[in-house]
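Asks: Please see the structure below; I have some questions.
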Amino acid sequence: GFEHGAGLDLCDGDTDGDGLGDGNEAEFGADPLNPDSDADGLPDGQEVMLGAGSGCPSPTNDDSDCDGVTDGNELTAGLGPCDPDSDGDGLSDGNEPNFGTDPLIEDSDVDGSLDGTEVDIAMGTGCPNPMNPDSDGDTLLDGSEISAGTNPCNTDTDADGVPDNIDPTPTVPGVPPVFLENLTRALAAQVQTMNLSAFLGPNNNARQGRQSNIATHLTNAANAIAAGNYNAALAQLATVEKRIDGISPQPDWMVDGPERVSLHADVMALITLLEMLN
C-alpha cells in the first residue's frame with residue numbers, strides 16, 4: 001500500500017534501479033524514484049556502497065568533501081570524493097585547475113616544493129609559479145631556494161649584486177674575500193681573451209697595450225684582495241673603471257659596445273662588493 005501511494009513499483013524492490021532498495025532509500029535520505037538523488041553523476045547505490053557505512057560519499061550531497069568538484073567527476077578523474085585534497089599538496093582538488101596544477105601530483109613542476117606551498121607563498125602574485133620549477137630563472141629550483149631561505153622570485157635575494165646561483169652567502173649581503181679574488185682573476189682572464197677590435201687605439205700595438213694594461217690592473221687588484229689590502233684593490237679597480245666608463249677621458253680605452261658595457265658593470269659590482277669588506 002505504501003509503495004502504491006508513493007508511486008513505487010510493487011513488484012520491484014529497487015524501483016529506480018540505482019542499486020539501493022526502495023526500503024533503504026529513506027534510511028539515507030535518497031529519493032527512491034531518482035537513481036541519482038543529488039545529481040552528482042553517481043547512482044545512489046554506488047555512493048552508499050563506496051561509503052560502507054561512513055556516510056561519505058553521500059547520495060544526497062553532490063560534493064561530499066566540499067572541494068568544488070562533484071563526487072562523480074572526482075571518481076572519473078581518479079580523485080577521492082571524500083578527500084578535498086587528493087594529492088595532499090595543500091591545494092584543494094577544486095582549486096588546482098585555477099593554477100594549472102595536477103590534483104593527482106603533489107609537486108606538479110617537480111621543483112621540490114608542494115603546489116600548495118608555492119601558491120601560499122605567492123599570495124596571488126603568481127610567483128613562485130607551481131607550474132614553473134625555476135620561477136625567477138636563476139637556474140635554482142624553487143624548492144631548493146625555499147629550503148635554503150633564498151627568494152625563488154628574486155635572482156639576488158640579498159641584493160648584493162651577486163646572483164643567488166653563484167653567491168656563496170645568498171642571504172647575507174657581501175661575499176668572502178676569496179670569492180672576490182677569484183672573480184677578479186676571472187675578469188682579468190676574460191679581458192685577455194677579448195678581440196683587439198674591442199679596444200681603441202691608432203694600431204693593434206696600441207690596442208694590445210691597453211688590453212694588457214686593463215688585465216694587469218685587474219690581476220693586481222686580485223693580488224691585493226688576496227693580501228687583504230682592499231684599499232689597494234679598490235685603487236686598481238678605480239683605474240680600470242675610469243678607462244672604460246664611457247664618459248671621461250675621451251676617448252675611452254674600449255669601443256662603446258656590449259663588451260665595454262658588460263666589463264664596466266662587472267668592475268662596478270666588484271667595487272661595490274669590496275667596499276662592503278673594507
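Scheme for the C-alpha cells: letters A, B, ... for chains in order shown; per-chain residue numbers from 1; ligand numbers from 1 in order shown.
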Would you kindly return, as a list in words, each protein, DNA or RNA residue with an atom no farther than 9 Å from any atom of Asp156 (chain A), considering only C-alpha atoms and excluding same-chain residues fewer than 4 positions away?

Replies: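 Non-adjacent residues within range: Asp138, Thr150, Asn151, Asp160, Gly161, Val162, Pro163, Asp164, Asn165, Asp167, Pro170 and Thr171 of chain A.
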
Asks: Within 8 Å of region 31-40 of chain A, counting only C-alpha atoms, which residues show up once you throw out same-chain ones fewer than 5 positions away? Write them as an mmCIF file with C-alpha atoms, in the first residue's frame, please.

Replies:
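Output (result13.cif):
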```cif
data_model
loop_
_atom_site.group_PDB
_atom_site.id
_atom_site.type_symbol
_atom_site.label_atom_id
_atom_site.label_comp_id
_atom_site.auth_asym_id
_atom_site.auth_seq_id
_atom_site.Cartn_x
_atom_site.Cartn_y
_atom_site.Cartn_z
ATOM 1 C CA LEU A 8 6.842 2.849 -6.488
ATOM 2 C CA ASP A 14 14.540 -1.157 -6.484
ATOM 3 C CA THR A 15 12.127 0.974 -8.484
ATOM 4 C CA ASP A 16 14.726 3.456 -9.808
ATOM 5 C CA GLY A 17 17.368 0.766 -10.410
ATOM 6 C CA ASP A 18 20.118 2.622 -8.578
ATOM 7 C CA GLY A 21 16.497 -0.912 -2.371
ATOM 8 C CA ASP A 22 13.326 1.123 -2.094
ATOM 9 C CA GLU A 25 16.444 4.843 0.276
ATOM 10 C CA ALA A 26 14.691 6.633 3.131
ATOM 11 C CA PRO A 59 23.862 10.071 -2.019
ATOM 12 C CA THR A 60 22.266 13.384 -1.047
ATOM 13 C CA ASN A 61 25.345 15.627 -1.326
ATOM 14 C CA ASP A 62 26.751 16.124 -4.800
ATOM 15 C CA ASP A 63 30.121 17.273 -3.385
ATOM 16 C CA THR A 70 31.251 16.786 -7.744
ATOM 17 C CA ASP A 71 31.607 13.227 -6.478
ATOM 18 C CA GLY A 72 31.019 11.756 -9.928
ATOM 19 C CA ASN A 73 33.657 13.922 -11.549
#
```

Asks: Taking 3 positions as the minimum chain separation for residues in the same chain, which residues sit within 9 Å of Ala222 (chain A) when counting only C-alpha atoms? Answer as an NGL selection string.

Replies: :A and (180-185 or 188 or 217-219 or 225-227 or 233)

Asks: Show me, as a ChimeraX atom specification, the residues that have an atom within 10 Å of region 102-110 of chain A when counting only C-alpha atoms, minus same-chain residues fewer than 3 positions from it.

Replies: /A:77-80,84-97,99,113-118,129-134,141-143

Asks: Limited to N, CA, C and O atoms, could you put the picked residues into a file as a short mmCIF file (atom, residue, chain, number, x, y, z; two decimals), in the first residue's frame?

Replies:
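Result file is again.cif:
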```
data_model
loop_
_atom_site.label_atom_id
_atom_site.label_comp_id
_atom_site.auth_asym_id
_atom_site.auth_seq_id
_atom_site.Cartn_x
_atom_site.Cartn_y
_atom_site.Cartn_z
N ALA A 77 37.90 11.22 -12.53
CA ALA A 77 39.26 11.73 -12.65
C ALA A 77 40.26 10.98 -11.79
O ALA A 77 41.46 11.28 -11.80
N GLY A 78 39.77 10.02 -11.02
CA GLY A 78 40.67 9.26 -10.16
C GLY A 78 40.93 9.94 -8.83
O GLY A 78 41.87 9.57 -8.11
N LEU A 79 40.11 10.92 -8.49
CA LEU A 79 40.28 11.64 -7.23
C LEU A 79 39.43 10.99 -6.14
O LEU A 79 38.59 10.14 -6.41
N GLY A 80 39.64 11.41 -4.92
CA GLY A 80 38.88 10.88 -3.80
C GLY A 80 37.70 11.77 -3.49
O GLY A 80 37.89 12.92 -3.07
N PRO A 84 39.22 16.26 0.13
CA PRO A 84 39.25 17.51 -0.62
C PRO A 84 40.61 17.82 -1.26
O PRO A 84 40.70 18.65 -2.15
N ASP A 85 41.64 17.13 -0.80
CA ASP A 85 42.98 17.34 -1.35
C ASP A 85 43.59 15.98 -1.63
O ASP A 85 44.36 15.44 -0.84
N SER A 86 43.25 15.43 -2.78
CA SER A 86 43.61 14.05 -3.09
C SER A 86 45.11 13.78 -3.08
O SER A 86 45.56 12.70 -2.70
N ASP A 87 45.91 14.75 -3.51
CA ASP A 87 47.37 14.52 -3.55
C ASP A 87 48.09 15.07 -2.32
O ASP A 87 49.30 14.98 -2.22
N GLY A 88 47.32 15.67 -1.40
CA GLY A 88 47.92 16.14 -0.14
C GLY A 88 48.96 17.22 -0.29
O GLY A 88 49.91 17.30 0.49
N ASP A 89 48.75 18.11 -1.28
CA ASP A 89 49.74 19.17 -1.51
C ASP A 89 49.34 20.51 -0.91
O ASP A 89 50.03 21.51 -1.08
N GLY A 90 48.22 20.53 -0.19
CA GLY A 90 47.78 21.77 0.43
C GLY A 90 46.90 22.62 -0.47
O GLY A 90 46.50 23.72 -0.08
N LEU A 91 46.61 22.10 -1.66
CA LEU A 91 45.76 22.82 -2.62
C LEU A 91 44.58 21.92 -2.91
O LEU A 91 44.75 20.77 -3.33
N SER A 92 43.35 22.41 -2.69
CA SER A 92 42.18 21.56 -2.86
C SER A 92 42.01 21.12 -4.31
O SER A 92 42.44 21.81 -5.24
N ASP A 93 41.38 19.96 -4.47
CA ASP A 93 41.16 19.42 -5.82
C ASP A 93 40.44 20.43 -6.72
O ASP A 93 40.77 20.56 -7.89
N GLY A 94 39.47 21.13 -6.16
CA GLY A 94 38.73 22.09 -6.96
C GLY A 94 39.52 23.34 -7.31
O GLY A 94 39.20 24.03 -8.28
N ASN A 95 40.54 23.62 -6.52
CA ASN A 95 41.35 24.82 -6.75
C ASN A 95 42.52 24.57 -7.69
O ASN A 95 43.08 25.52 -8.26
N GLU A 96 42.92 23.32 -7.84
CA GLU A 96 44.09 23.01 -8.66
C GLU A 96 43.95 23.51 -10.11
O GLU A 96 44.90 24.08 -10.66
N PRO A 97 42.78 23.33 -10.75
CA PRO A 97 42.66 23.82 -12.14
C PRO A 97 42.89 25.32 -12.28
O PRO A 97 43.31 25.79 -13.34
N PHE A 99 45.22 26.97 -11.08
CA PHE A 99 46.66 27.22 -11.20
C PHE A 99 47.31 26.32 -12.24
O PHE A 99 48.53 26.35 -12.42
N SER A 113 59.01 21.59 -4.23
CA SER A 113 58.10 22.32 -3.36
C SER A 113 56.66 21.94 -3.71
O SER A 113 56.29 21.89 -4.89
N LEU A 114 55.84 21.68 -2.70
CA LEU A 114 54.45 21.31 -2.93
C LEU A 114 53.69 22.43 -3.63
O LEU A 114 53.96 23.62 -3.39
N ASP A 115 52.74 22.05 -4.47
CA ASP A 115 51.94 23.05 -5.19
C ASP A 115 51.30 24.04 -4.23
O ASP A 115 51.33 25.26 -4.45
N GLY A 116 50.71 23.53 -3.14
CA GLY A 116 50.05 24.41 -2.19
C GLY A 116 51.01 25.36 -1.51
O GLY A 116 50.67 26.52 -1.25
N THR A 117 52.23 24.88 -1.24
CA THR A 117 53.24 25.74 -0.61
C THR A 117 53.58 26.91 -1.52
O THR A 117 53.68 28.06 -1.07
N GLU A 118 53.76 26.63 -2.81
CA GLU A 118 54.10 27.69 -3.76
C GLU A 118 52.97 28.70 -3.88
O GLU A 118 53.20 29.91 -3.93
N ASN A 129 55.65 30.19 -9.17
CA ASN A 129 54.64 29.57 -10.01
C ASN A 129 54.71 28.05 -9.85
O ASN A 129 55.75 27.45 -10.14
N PRO A 130 53.61 27.41 -9.41
CA PRO A 130 53.66 25.96 -9.19
C PRO A 130 53.81 25.15 -10.48
O PRO A 130 53.98 23.94 -10.43
N MET A 131 53.76 25.85 -11.62
CA MET A 131 53.96 25.16 -12.90
C MET A 131 55.28 25.55 -13.55
O MET A 131 55.53 25.22 -14.70
N ASN A 132 56.13 26.26 -12.80
CA ASN A 132 57.45 26.63 -13.30
C ASN A 132 58.48 26.25 -12.24
O ASN A 132 58.49 26.83 -11.15
N PRO A 133 59.33 25.28 -12.53
CA PRO A 133 60.27 24.83 -11.49
C PRO A 133 61.31 25.87 -11.09
O PRO A 133 61.89 25.79 -10.02
N ASP A 134 61.52 26.88 -11.94
CA ASP A 134 62.50 27.93 -11.63
C ASP A 134 61.85 29.28 -11.95
O ASP A 134 62.06 29.86 -13.00
N LEU A 141 66.19 25.59 -8.51
CA LEU A 141 64.82 25.14 -8.39
C LEU A 141 64.13 25.89 -7.23
O LEU A 141 64.74 26.16 -6.20
N ASP A 142 62.85 26.21 -7.44
CA ASP A 142 62.09 26.93 -6.42
C ASP A 142 62.14 26.19 -5.08
O ASP A 142 62.30 26.81 -4.03
N GLY A 143 61.99 24.87 -5.11
CA GLY A 143 62.01 24.11 -3.86
C GLY A 143 63.34 24.23 -3.15
O GLY A 143 63.38 24.34 -1.91
#
```

Asks: Which is closer to Asn98 (chain A) than all the others in A:Asp111, A:Ile121, A:Ala186, A:Gly126, using only C-alpha atoms?

Replies: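 For Asn98 (chain A), the nearest of the candidates is A:Gly126.
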
Asks: Near Asn278 (chain A), within 7 Å and counting only C-alpha atoms, which residues show up once chain neighbours fewer than 3 positions away are dropped, as number ranges by chain?

Replies: A: 230, 274-275

Asks: Closest to Leu50 (chain A) among A:Pro176, A:Gly29, A:Pro81, A:Gly246, using only C-alpha atoms?

Replies: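 Selected residue with least distance to Leu50 (chain A): A:Pro81.
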